[in-house]
Every structure is written in structure tokens, then in C-alpha cells.
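Only one structure is covered here, and it is reproduced in the block below.
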Amino acid sequence: METTKKIYAPHELICAEPIHPGEMLKDELQARGISQRKFAGIIGMPYTAFNEIINGHRPITTDTALKIEAATGITANLWIGLQSDYNMQTARRDTGLSAVLDQIRKAVAVL
């Protein structure tokens, strides 16, 4: 039986494991010596919701990114970009979505 290995185009390269931007935010807060609870209070967010971001269970929204920018000076565009990259990597790993995308590619290949 012959096996074929998928060759990925540059836009299809994926990390071994997607990294949620909350993990990077957690590292940033640790480097600054700020607790999650204190930072959540600074940006006016409930601690539980903020903790879900830190633990990768909730996305960083545009509003939250702007609040993080105001508190840290790190541009909101960076946080949104990281979230977008994470979302794309996660979607590319979704086998159900991959099957749908393959069907679409086959359908347009015959046009």
C-alpha cells in the first residue's frame, strides 16, 4: 500500500500545537510581576473571564485587546493577530472542516 504525505503550501504550515495568546499574556504578566486578579481589575474584567483567556478557554476580543493595550502598551493589533493565528491553526486541525474544504476543492477543480 502506497502512502502519500501531504505537502503543505506556505499558508498551510501549522505549528505542532497552536498557542493561545492567553499563554503569552500570562507570561507577560509574570514578567511584569502583576497577578491575574490585579490585572483583571485594572482592565475592568471579571477575574473568572480573564482567567479563561489566560487558560485558553476564551478568545481575546477586540475590546479586550484594546484594554490590554491601554494597560501594557503592547498594541491591540498584536493580540488580535495572535488570536487570529490561533483560530486559523485550530480550524486547520479540524478534521470535519478539512473534509468539507477537500469537497469544495474537488468541486471547483472540475469547473
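Here, A, B, ... name the chains of the C-alpha cells in the order displayed, residue numbers run from 1 inside each chain, and ligands are numbered from 1 in the same displayed order.
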Using DSSP assignments from the backbone, pull out every residue in chain A that falls under alpha helix (DSSP H) and give it to me as a PyMOL selection string.
chain A and resi 21-32+36-42+47-54+62-72+76-92+95-109
Find the residues of stretch 13-32 of chain A that sit at most 7 Å from stretch 70-90 of chain A; for each, write down the nearest two atoms and how far apart they are in Å, to one decimal. Count only C-alpha atoms. Sort by chain, then by number going up, and give it as JSON lines.
{"residue": "A:Ile14", "atom": "CA", "partner": "A:Gln89", "partner_atom": "CA", "distance": 6.1}
{"residue": "A:Pro18", "atom": "CA", "partner": "A:Tyr86", "partner_atom": "CA", "distance": 5.8}
{"residue": "A:Ile19", "atom": "CA", "partner": "A:Tyr86", "partner_atom": "CA", "distance": 6.3}
{"residue": "A:His20", "atom": "CA", "partner": "A:Tyr86", "partner_atom": "CA", "distance": 5.9}
{"residue": "A:Pro21", "atom": "CA", "partner": "A:Leu82", "partner_atom": "CA", "distance": 5.7}
For the residues in that selection, give me N, CA, C and O atoms as a short mmCIF file (atom, residue, chain, number, x, y, z; two decimals), in the first residue's frame.
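Printed below is part_38.cif as written:
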data_model
loop_
_atom_site.label_atom_id
_atom_site.label_comp_id
_atom_site.auth_asym_id
_atom_site.auth_seq_id
_atom_site.Cartn_x
_atom_site.Cartn_y
_atom_site.Cartn_z
N ILE A 14 1.46 24.63 9.81
CA ILE A 14 0.84 24.69 11.12
C ILE A 14 1.86 24.31 12.19
O ILE A 14 2.75 23.49 11.96
N PRO A 18 -1.13 24.61 18.44
CA PRO A 18 -1.45 26.04 18.44
C PRO A 18 -1.26 26.64 19.85
O PRO A 18 -1.57 26.00 20.84
N ILE A 19 -0.73 27.84 19.88
CA ILE A 19 -0.51 28.52 21.15
C ILE A 19 -1.53 29.64 21.29
O ILE A 19 -1.56 30.56 20.46
N HIS A 20 -2.35 29.55 22.31
CA HIS A 20 -3.37 30.57 22.57
C HIS A 20 -2.66 31.84 23.06
O HIS A 20 -1.71 31.78 23.84
N PRO A 21 -3.12 33.02 22.61
CA PRO A 21 -2.49 34.26 23.04
C PRO A 21 -2.58 34.49 24.55
O PRO A 21 -1.76 35.22 25.11
#
So which residues touch A:Glu23 within 8 Å, counting only C-alpha atoms, skipping near sequence neighbours fewer than 6 positions away, as a VMD selection string?
chain A and resid 54 to 56
By how many Å are atom CA of A:Phe39 and atom CA of A:Ala65 apart?
13.1 Å
Show which residues sit within 12 Å of A:Thr48, as JSON, numbers by chain. Count only C-alpha atoms, and ignore same-chain residues fewer than 4 positions away.
{"A": [36, 37, 39, 40, 41, 44, 52, 53, 54, 55, 57, 58]}
So, with only C-alpha atoms as the atoms that count, which of A:Thr95, A:Gln103, A:Ser35, A:Thr64 lies closest to A:Ala49?
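Answer, going by the shortest atom-to-atom distance: A:Thr64.
Take atom CA of A:Arg32 and atom CA of A:Thr62: the distance between them is 22.6 Å.
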